Structure formats: C-alpha cells, structure tokens
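Student: Take this structure, written in structure tokens, and hold onto it; I'll ask about it next.
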Amino acid sequence: MKEKKFYITTPIYYVNDIPHIGNAYTTVAADVLARYHRMIGDRTFFLTGTDEHGAKIEKAAEKAGKNPKEFVDELAAKFELAWDELDISHDKFIRTTDENHIKAARNAMQYLYDKGFIYKGEYEGLYCLGCEQYKTEKELVGGKCPDHGTEPQKMKEECYMFKLSAFQDRILELIKKDELLVRPAERKNEIVSFLKNNPLSDISCSRKTVKWGIELPWDKEHTVYVWLEAFLNYLTGLGWDGRSPLHPPCEGGQSPLHPPCEGGQSPLIPLAKGGMWPPDVQLMSKDILRVHATIWPAMLLALNLPLPKQLFIHGFFLVDGKKMSKSLGNVIAPRDLIDKYGVDGARYLLMSATPFGHDGDVGWEKFDEKYNADLANGIGNLVARSVTLAEKMFAKNSGMQNIDENFQFSIFNFQIIFNNQFSIPTEDMKIKNVCQTYQDNFSLLKLEKVVDIINLQIKFLDSFITAVKPWEMIKNKDEEIGKIMYNILERLRIVSWMVWPFMPETAEKIWRQLGLKPAEEMKKDFNEAIKWGGLKPGTKIQKAEVLFPRVN
RNA sequence: CGCGGGGUAGAGCAGUUGGCAGCUCGCCAGGCCCAUAACCUGGAGGCCGUGGGUUCAAAUCCCACCCCCGCAACCA
C-alpha cells in the first residue's frame, strides 16, 4: 500500500462550560489539516470529543439540579452542535461516557495494574470541606477556598498511584531525539528543560471521593482520576478495546485490521480503521503540553504502544491584549463569529489571527479589518469581478480559449511586478511551484504561510486584471480576450482548491460560479485537480451572490 | 542566576544557512471604472528595547542590562 495515513486529534474538551473561541481554534485547525490530508489523498482520521468525568462535573451537575449524565449529555450536545456549525469534519466524536470507552479504559487500567505500573499509595492534599474537593495551591486565594472563604484542611486518602517516575529518562530521550516531536521548537525547549531539571514523581490516578467516574475493575471503591482516563480517548476513539498489547501473533504477518507485522509479532494493536495508530499530529494548547509530554507518553510506554509522532502546541488568544475570561466578560463564542462573518469567515479569521503556534491578540476590530481586507475585498471581490467579466465576454459572443499559463506571463512580462517594488520571478508564480510551496508549508504546519500563499495569488490576479484591462478588450472585440479570461478563471479555479481546507463552502461556491459541480470536483485528488486545463472553455460561467459582504 | 517567550513604521505583526528592513490596516498622491465605495500604481513614515562584542557585513550570532507576558507538575 502506497497511500499514507494521517491521524490527527484535538484534546477532548472538559464539558464544564460551553465551547469558546479557544476550543474552536484547536478544532478548526485540526479540521483544516484533516481536510488537507484528505484532499491530497491520505487515508485520514480526525478525532475530537469531550471529557465528561470528574469531581468538577459532579458538582456542576448538582448545582444545576441534574444528574451528571443528563448534565454532560446536554453540554456534549452543545459541543457537537458548535462543531457542526463550524463545518468540522471529524470522523469520530468520542465521549468518555461512551460504553466502549469505559470498557476499554477499565481493561487498560487493569493491564497497567497487572504489570505493576499502578500500586496502592496515599494522596495528601488540601481538602475543602465545603467543596468536598482537594484544592491546589493556585486555586486558593490567600490560603483560603475562594468559594467558601475557609481554610482547607490537610487530608490524606488511600489511592492508587501511577509510576510516572519510572519513565522520566526514556521520555526525555524520546523528546530530545524528536522521536516524540514537540513543536514549535520553543515548546520543545521548555519541556526538555523541565524534564531535565525536575524529577517526575508518581501521580495519583484514582479517587475514592469522586463517584462520577470509571470504577477500577479490581477495586470498586475507586474511580479513575481524570488524566489517565482522558488520555485513553486517543486510543478508544479508534475503537480500541483496551486489551493492550494483547494482540495475537499475526499469522504470516498479515491481518486485515492493520498493516503487516514484522516477524508475525507486533506490539501494534489491531485498531479499527486499519492501523491508524499512532497519531501523526496531536494538537493542543500550551496549558496541557506538560501532561501530554509526561503522563501521556508514560502511559503509552507502559502499555507498550507506539508514541504519537508529533505534539503540536498552539498559543492562546488574548482578547484586546487581555486574557480571555468570564470575569472580564470578553469571552468570544464561536457562534458570535459565525453570526458576524459566516462559517467560512469565522474559520478563516481563527486560522489567520496569529502565526500558528504562537499566542495571538484578537478582538472585534481586528476581525473586522482582516475580514474586509482578505475576504470581502480580497477573494470575494476577485471572484465577483472575474465572473462578471466572463459573463460580459460571453454576452459579446466571444468564448474562452484554452491556453496554457505561459500565455499569462508572456503578456504580463517575464517579471511580474506588483506591490511596490516587490517583484516575483515568473517561475515562482507558476502553478506547479505555487502548489509545491503550498504543500511544503502545509506539511510543516505553517498555516500562516499557506494563507499568505493564497492571498498572494489573489493579489496577483487582481494586479493582472488591472494591467490587461479585459473590459476594454471586450468592448473592442479583441479576440485575445478568450485567452485572457481563461487564464484568469483557470488560475482562480486552482486557487479555490487551495482555499478548500480552510473554507470548504467558499471553494464550492466558486466552483458553482465557474460552472463546476462540487460533487464531481470532490472526487478529485488535489494533484489531479490543480493540473492546468480543468476548466473547459465552453463551461457556463454564472455570477451568484456575494461571497463575503463587507462588515463595518 | 527557576523555565520559556517577546520588545521591528501611527496600530497589529512577518522576518535565523548573517547580505539593500517587509506585510496588513491607517494616511497622502495618482490610475482604473470589470468588481462588494471595491481594485491597481506610487509616496510619506523605522537608531529593528539599551550598551558592548564577533564579522567585509548583524533585526538575525555572542555577552551584559532594562521592560512586558506566560508557566512553575496530579490545575479536564
């Protein structure tokens, strides 16, 4: 099998609140990558979902006068709806309350226990009687519980511990050698220096006091403490049953469920979906990097499973320079963005708000500016003017003439000059090279560069149109117009493919205006689709509604 | 010396194999009239945080210092 696979995950979101712009950012980014990989023909699996167990949810449910299951059902539905509204194309929405997840998690815990990675110990912490919860130092205000104003008491309880300490050296090595790639580089530095300088201690992985959770199979008084269980979603989301690595020897090195095993024996588990494991990219924000680069790989090592290839950490959004928080009242919900800018507008603004991997400052003013500049005045306007020109040309009884892209450069000089003194060699603007750079940047996850490439193509076409003045040629019945318009529309068609992972609906709207059927187009592979000549000269070009109305 | 990041045009940001400082918005002046009061061209506007060093050459590499932000583990 030559085809590649691509497995991407988002973290599962804790359902103690409705989705916000931060969750949406991670999810849209994952969606863009998943769509891109499907587009280039990779066998792709995109997993997202919700984390639904734990004391906080138990309490929040109680407060809302609901039983926990009802409570999480409602919130999980809100997440699913939000992703639906954002056109997220996940293959599976995993919930940690799913029957399969629970069963698998118990199997996995049992396995870890049997292998001696989990042992009985004690957890000591500061316990607030009012909250019936342990508090971390950070949660306390002046040494007191912010909710009850009382000082928490030191308490101990029996719990099970996971031998995290045993994995420190191996994890450090793996990260240093990029076998577990942590990107961007500054995040790798951070975690490497953390692992070098701080001894990892074993962590508690069960609670007696939390009822809303998954019971340990060998000790029903305990429930699994959240992190360990939550991480397993990346496996159970693929249909894993938790019986790791109890993979029967492959007879003759073959199995219908996964790629051939070496020597008939393999630690690879027969995951559903034909051997998707391990993840190629796991996206997350920086607050959960540390646990993902310690507990998570430790679990996989304990389970004897391959580690993810890459953890990619993106930044936080600041809203007008301030941290987004409920108390400041500056929380932006995905819904707010969609209402103002449309689904594709929202997706685009999230993805272009900041270089991928860095923190970014957002805000309504900035969103408005970017939306008008890039979408309304940029691609939206370009499509409108191109399609209108084509319609006018057809009305004058001229037709398009299929001619290769070199024609465009021959009349626009061999040196394309636009944007001040900035000049770009013709070679760089050739479709083949543009698409190559596009793909290179995508595989490096440089999404901001990918967006730049698209916008440069739009500028190029705008500049070209102004330079050749097709409207005059139409008036003068200049027969060269057929070639000019073909060049414009054909390049536009190819650009629309580049746009597709970010704004699928927009790409489809462009195709329709170009007389192409989205359903037919979607059958194509990217590399086939971007070949010059996809647009047939006789195609009926028809103007439709404005893609991105300006906002104020 | 806890760890990591940042300080570049009025605003927001790009910019490490060191090689004439760039983008978007805003501003000024032209052009165009196909298009969503849009598009194109040109212009003004920067001691690239400060002080040293390496180099023919530094925003970029090294050292010191100043200021800002995030993190400091069982916080889902």
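Going through the structure tokens in order, the chains are called A, B, and so on, while each chain numbers its residues from 1 and the ligands are numbered from 1 in the order shown.
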Tell me the residues of chain B close to chain A, meaning within 9 Å using only C-alpha atoms (C1' of nucleotides), as a compact mmCIF listing (two decimals) with N, CA and C atoms (P, O5', C5', C4', C3', O3' and C1' of nucleotides), in the first residue's frame.

Tutor:
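Dumped to iface_27.txt:
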```txt
# COMPACT_ATOMS: atom_id res chain seq x y z
P C B 3 16.74 29.14 34.49
O5' C B 3 15.43 28.53 33.85
C5' C B 3 15.32 27.13 33.63
C4' C B 3 14.03 26.85 32.91
C3' C B 3 13.81 27.65 31.64
O3' C B 3 14.51 27.11 30.54
C1' C B 3 11.85 27.72 32.93
P G B 4 15.06 28.09 29.40
O5' G B 4 13.73 28.54 28.65
C5' G B 4 13.02 27.57 27.86
C4' G B 4 11.71 28.16 27.42
C3' G B 4 11.78 29.46 26.65
O3' G B 4 12.18 29.28 25.31
C1' G B 4 10.06 29.60 28.24
P G B 5 12.90 30.51 24.55
O5' G B 5 11.68 31.49 24.27
C5' G B 5 10.61 31.07 23.42
C4' G B 5 9.49 32.07 23.47
C3' G B 5 9.85 33.47 23.03
O3' G B 5 9.88 33.60 21.62
C1' G B 5 8.59 33.59 25.01
P G B 12 0.25 47.96 18.75
O5' G B 12 -0.24 46.80 17.79
C5' G B 12 -1.55 46.24 17.94
C4' G B 12 -1.76 45.22 16.87
C3' G B 12 -0.67 44.16 16.78
O3' G B 12 -0.84 43.16 17.77
C1' G B 12 -1.20 44.96 14.61
P C B 13 0.40 42.27 18.15
O5' C B 13 0.80 41.75 16.70
C5' C B 13 1.86 40.88 16.52
C4' C B 13 1.87 40.55 15.05
C3' C B 13 3.14 39.88 14.55
O3' C B 13 3.04 38.48 14.75
C1' C B 13 2.54 41.63 13.09
P A B 14 4.40 37.65 14.98
O5' A B 14 4.76 37.25 13.47
C5' A B 14 5.73 37.96 12.76
C4' A B 14 5.70 37.53 11.33
C3' A B 14 7.05 37.02 10.82
O3' A B 14 7.17 35.63 10.98
C1' A B 14 6.30 38.78 9.45
P U B 24 0.39 44.45 1.81
O5' U B 24 -0.63 44.36 3.03
C5' U B 24 -1.52 43.25 3.14
C4' U B 24 -2.33 43.40 4.40
C3' U B 24 -2.98 44.76 4.58
O3' U B 24 -4.20 44.87 3.87
C1' U B 24 -1.89 44.15 6.58
P C B 25 -4.63 46.30 3.33
O5' C B 25 -5.02 47.08 4.66
C5' C B 25 -6.14 46.68 5.43
C4' C B 25 -6.18 47.47 6.71
C3' C B 25 -6.20 48.98 6.55
O3' C B 25 -7.49 49.47 6.25
C1' C B 25 -4.65 48.38 8.23
P C B 32 -7.27 56.69 -15.94
O5' C B 32 -7.92 55.28 -15.54
C5' C B 32 -7.44 54.08 -16.15
C4' C B 32 -8.11 52.91 -15.48
C3' C B 32 -9.64 52.92 -15.56
O3' C B 32 -10.07 52.34 -16.78
C1' C B 32 -8.95 52.47 -13.33
P C B 34 -16.84 49.42 -16.45
O5' C B 34 -16.64 47.92 -15.89
C5' C B 34 -17.25 46.84 -16.53
C4' C B 34 -16.80 45.64 -15.78
C3' C B 34 -17.05 45.73 -14.30
O3' C B 34 -18.38 45.35 -14.04
C1' C B 34 -14.88 44.90 -14.70
P A B 35 -19.19 46.07 -12.91
O5' A B 35 -18.60 45.38 -11.60
C5' A B 35 -18.77 43.99 -11.40
C4' A B 35 -17.97 43.61 -10.18
C3' A B 35 -18.33 44.43 -8.95
O3' A B 35 -19.34 43.74 -8.23
C1' A B 35 -15.97 44.36 -9.26
P U B 36 -20.53 44.59 -7.59
O5' U B 36 -20.01 44.72 -6.09
C5' U B 36 -20.81 45.42 -5.15
C4' U B 36 -20.02 45.42 -3.86
C3' U B 36 -18.66 46.09 -3.99
O3' U B 36 -18.70 47.28 -3.20
C1' U B 36 -18.58 44.07 -2.74
P A B 38 -13.93 50.54 -0.16
O5' A B 38 -13.20 49.60 -1.21
C5' A B 38 -13.17 48.22 -0.94
C4' A B 38 -13.37 47.43 -2.21
C3' A B 38 -12.12 47.28 -3.07
O3' A B 38 -11.24 46.33 -2.49
C1' A B 38 -14.00 47.67 -4.44
P C B 39 -9.73 46.64 -2.30
O5' C B 39 -9.16 46.41 -3.76
C5' C B 39 -9.38 45.17 -4.43
C4' C B 39 -8.98 45.31 -5.87
C3' C B 39 -7.62 45.97 -6.07
O3' C B 39 -6.58 45.02 -5.95
C1' C B 39 -9.20 47.01 -7.47
P C B 40 -5.17 45.48 -5.39
O5' C B 40 -4.54 46.25 -6.63
C5' C B 40 -4.29 45.56 -7.85
C4' C B 40 -3.74 46.54 -8.86
C3' C B 40 -2.54 47.35 -8.38
O3' C B 40 -1.34 46.62 -8.58
C1' C B 40 -4.13 48.80 -9.34
P U B 41 -0.10 46.91 -7.63
O5' U B 41 0.38 48.36 -8.11
C5' U B 41 0.89 48.55 -9.41
C4' U B 41 1.24 50.00 -9.61
C3' U B 41 2.10 50.62 -8.53
O3' U B 41 3.47 50.31 -8.72
C1' U B 41 0.34 52.09 -9.05
P G B 42 4.43 50.27 -7.47
O5' G B 42 4.56 51.80 -7.06
C5' G B 42 5.34 52.67 -7.85
C4' G B 42 5.14 54.10 -7.40
C3' G B 42 5.54 54.41 -5.96
O3' G B 42 6.94 54.60 -5.84
C1' G B 42 3.46 55.41 -6.43
P C B 71 -0.16 31.34 33.16
O5' C B 71 1.00 30.25 33.22
C5' C B 71 0.93 29.08 32.42
C4' C B 71 2.20 28.28 32.59
C3' C B 71 2.51 27.81 34.00
O3' C B 71 1.78 26.65 34.34
C1' C B 71 4.46 28.69 33.03
P A B 73 3.17 23.77 40.31
O5' A B 73 2.56 22.47 39.63
C5' A B 73 2.03 22.52 38.30
C4' A B 73 2.01 21.13 37.73
C3' A B 73 1.50 20.08 38.70
O3' A B 73 0.10 20.02 38.61
C1' A B 73 3.50 19.34 37.69
P C B 74 -0.76 20.19 39.89
O5' C B 74 -1.78 19.02 39.70
C5' C B 74 -1.95 18.43 38.42
C4' C B 74 -2.52 17.07 38.60
C3' C B 74 -3.43 16.98 39.81
O3' C B 74 -4.75 17.24 39.36
C1' C B 74 -1.86 15.21 39.84
P C B 75 -5.68 17.97 40.50
O5' C B 75 -6.17 19.30 39.82
C5' C B 75 -5.95 19.57 38.45
C4' C B 75 -6.06 21.06 38.35
C3' C B 75 -6.76 21.59 37.13
O3' C B 75 -8.16 21.48 37.42
C1' C B 75 -4.93 22.96 37.74
P A B 76 -9.33 21.49 36.85
O5' A B 76 -9.42 20.73 35.48
C5' A B 76 -10.75 20.56 35.03
C4' A B 76 -10.90 19.22 34.36
C3' A B 76 -9.84 18.17 34.68
O3' A B 76 -10.24 17.33 35.77
C1' A B 76 -10.01 18.45 32.37
```

Student: Would you list, as a ChimeraX atom specification, the residues of region 48-147 of chain A that end up in helix (DSSP H, G or I) under DSSP run on this structure's backbone?

Tutor: /A:55-63,68-85,99-114,137-139

Student: Please provide as an mmCIF file with N, CA and C atoms (P, O5', C5', C4', C3', O3' and C1' of nucleotides), in the first residue's frame all residues within 9 Å of G18 (chain B), with the sequence filter that same-chain residues fewer than 5 positions apart are discarded (counting only C-alpha atoms (C1' of nucleotides)).

Tutor:
```cif
data_model
loop_
_atom_site.group_PDB
_atom_site.id
_atom_site.type_symbol
_atom_site.label_atom_id
_atom_site.label_comp_id
_atom_site.auth_asym_id
_atom_site.auth_seq_id
_atom_site.Cartn_x
_atom_site.Cartn_y
_atom_site.Cartn_z
ATOM 1 P P A B 57 32.723 44.548 9.287
ATOM 2 O "O5'" A B 57 31.293 44.249 8.636
ATOM 3 C "C5'" A B 57 30.587 45.292 7.954
ATOM 4 C "C4'" A B 57 29.306 44.751 7.391
ATOM 5 C "C3'" A B 57 28.383 44.103 8.412
ATOM 6 O "O3'" A B 57 27.584 45.079 9.046
ATOM 7 C "C1'" A B 57 28.586 42.703 6.513
ATOM 8 P P A B 58 27.121 44.850 10.552
ATOM 9 O "O5'" A B 58 26.076 43.639 10.465
ATOM 10 C "C5'" A B 58 24.862 43.750 9.729
ATOM 11 C "C4'" A B 58 23.722 43.213 10.560
ATOM 12 C "C3'" A B 58 23.452 44.021 11.816
ATOM 13 O "O3'" A B 58 22.067 44.039 12.121
ATOM 14 C "C1'" A B 58 24.122 41.844 12.407
ATOM 15 P P U B 60 20.879 41.452 15.843
ATOM 16 O "O5'" U B 60 20.363 40.090 15.169
ATOM 17 C "C5'" U B 60 19.401 39.265 15.842
ATOM 18 C "C4'" U B 60 19.082 38.101 14.939
ATOM 19 C "C3'" U B 60 20.241 37.124 14.780
ATOM 20 O "O3'" U B 60 19.788 35.796 14.984
ATOM 21 C "C1'" U B 60 19.484 37.908 12.655
ATOM 22 P P C B 61 19.979 35.148 16.390
ATOM 23 O "O5'" C B 61 21.561 34.922 16.423
ATOM 24 C "C5'" C B 61 22.126 33.736 15.910
ATOM 25 C "C4'" C B 61 23.590 33.701 16.252
ATOM 26 C "C3'" C B 61 23.921 34.169 17.666
ATOM 27 O "O3'" C B 61 23.755 33.129 18.608
ATOM 28 C "C1'" C B 61 25.371 35.212 16.127
#
```

Student: I want to know what sits within 9 Å of Gln110 (chain A), based on only C-alpha atoms (C1' of nucleotides), with residues of the same chain fewer than 5 positions away left out; could you give that as a VMD selection string?

Tutor: chain A and resid 105 115 118 216 to 218

Student: Could you dump the residues just selected with all heavy atoms as a compact mmCIF listing (two decimals), in the first residue's frame?

Tutor:
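What follows is the written file again06.txt:
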```txt
# COMPACT_ATOMS: atom_id res chain seq x y z
N ALA A 105 -11.18 1.57 28.93
CA ALA A 105 -10.40 2.23 29.98
C ALA A 105 -10.18 1.27 31.15
O ALA A 105 -9.09 1.21 31.73
CB ALA A 105 -11.10 3.50 30.44
N LYS A 115 0.63 -5.23 35.42
CA LYS A 115 2.05 -5.11 35.06
C LYS A 115 2.85 -4.38 36.14
O LYS A 115 4.06 -4.17 35.98
CB LYS A 115 2.20 -4.35 33.75
CG LYS A 115 1.74 -5.14 32.54
CD LYS A 115 2.82 -6.09 32.08
CE LYS A 115 2.30 -6.95 30.93
NZ LYS A 115 3.31 -7.93 30.48
N ILE A 118 0.80 0.39 38.35
CA ILE A 118 -0.10 1.07 39.28
C ILE A 118 -0.03 0.33 40.61
O ILE A 118 -0.06 -0.89 40.66
CB ILE A 118 -1.54 1.07 38.73
CG1 ILE A 118 -1.64 2.04 37.55
CG2 ILE A 118 -2.53 1.47 39.82
CD1 ILE A 118 -2.98 2.04 36.87
N LEU A 216 -12.40 1.37 39.14
CA LEU A 216 -11.29 0.47 38.88
C LEU A 216 -11.81 -0.96 38.96
O LEU A 216 -12.51 -1.31 39.89
CB LEU A 216 -10.17 0.68 39.91
CG LEU A 216 -9.43 2.00 39.81
CD1 LEU A 216 -8.42 2.12 40.95
CD2 LEU A 216 -8.75 2.15 38.46
N PRO A 217 -11.45 -1.77 37.98
CA PRO A 217 -12.02 -3.10 37.93
C PRO A 217 -11.65 -3.96 39.16
O PRO A 217 -12.44 -4.79 39.57
CB PRO A 217 -11.45 -3.71 36.65
CG PRO A 217 -10.53 -2.73 36.06
CD PRO A 217 -10.64 -1.45 36.80
N TRP A 218 -10.48 -3.72 39.73
CA TRP A 218 -10.06 -4.57 40.85
C TRP A 218 -10.39 -3.95 42.21
O TRP A 218 -10.15 -4.56 43.23
CB TRP A 218 -8.56 -4.86 40.76
CG TRP A 218 -7.70 -3.65 41.01
CD1 TRP A 218 -7.23 -3.23 42.22
CD2 TRP A 218 -7.26 -2.69 40.07
NE1 TRP A 218 -6.52 -2.07 42.07
CE2 TRP A 218 -6.51 -1.72 40.75
CE3 TRP A 218 -7.42 -2.56 38.66
CZ2 TRP A 218 -5.93 -0.61 40.11
CZ3 TRP A 218 -6.83 -1.47 38.05
CH2 TRP A 218 -6.11 -0.52 38.75
```

Student: State, in Å with one decimal place, the distance from CA of Gly538 (chain A) to CA of Lys509 (chain A).

Tutor: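 Computing the Euclidean distance for CA of Gly538 (chain A) and CA of Lys509 (chain A) yields 19.1 Å.
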
Student: CA of Ala104 (chain A) and CA of Asp241 (chain A) are how many Å apart?

Tutor: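 A separation of 4.5 Å between them.
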
Student: So that I can check the surroundings of Asn100 (chain A), please list as a list in words every protein, DNA and RNA residue that reaches within 9 Å of it, counting only C-alpha atoms (C1' of nucleotides) and ignoring chain neighbours fewer than 6 positions away.

Tutor: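 Near Asn100 (chain A), the qualifying residues are Thr236, Gly237, Gly239, Trp240 and Asp241 of chain A.
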
Student: Find the residue from B:G70, B:G31, B:G43, B:G19 that sits nearest to C56 (chain B); use only C-alpha atoms (C1' of nucleotides) when measuring.

Tutor: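 Among B:G70, B:G31, B:G43, B:G19, it is B:G19 that comes nearest to C56 (chain B).
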
Student: Could you give me the residues within region 156-404 of chain A that DSSP places in strand (DSSP E), as a PyMOL selection string?

Tutor: chain A and resi 156-162+181-183+203-204+206-207+215-216+219-224+281-285+310-314+317-319+322-323+360-362
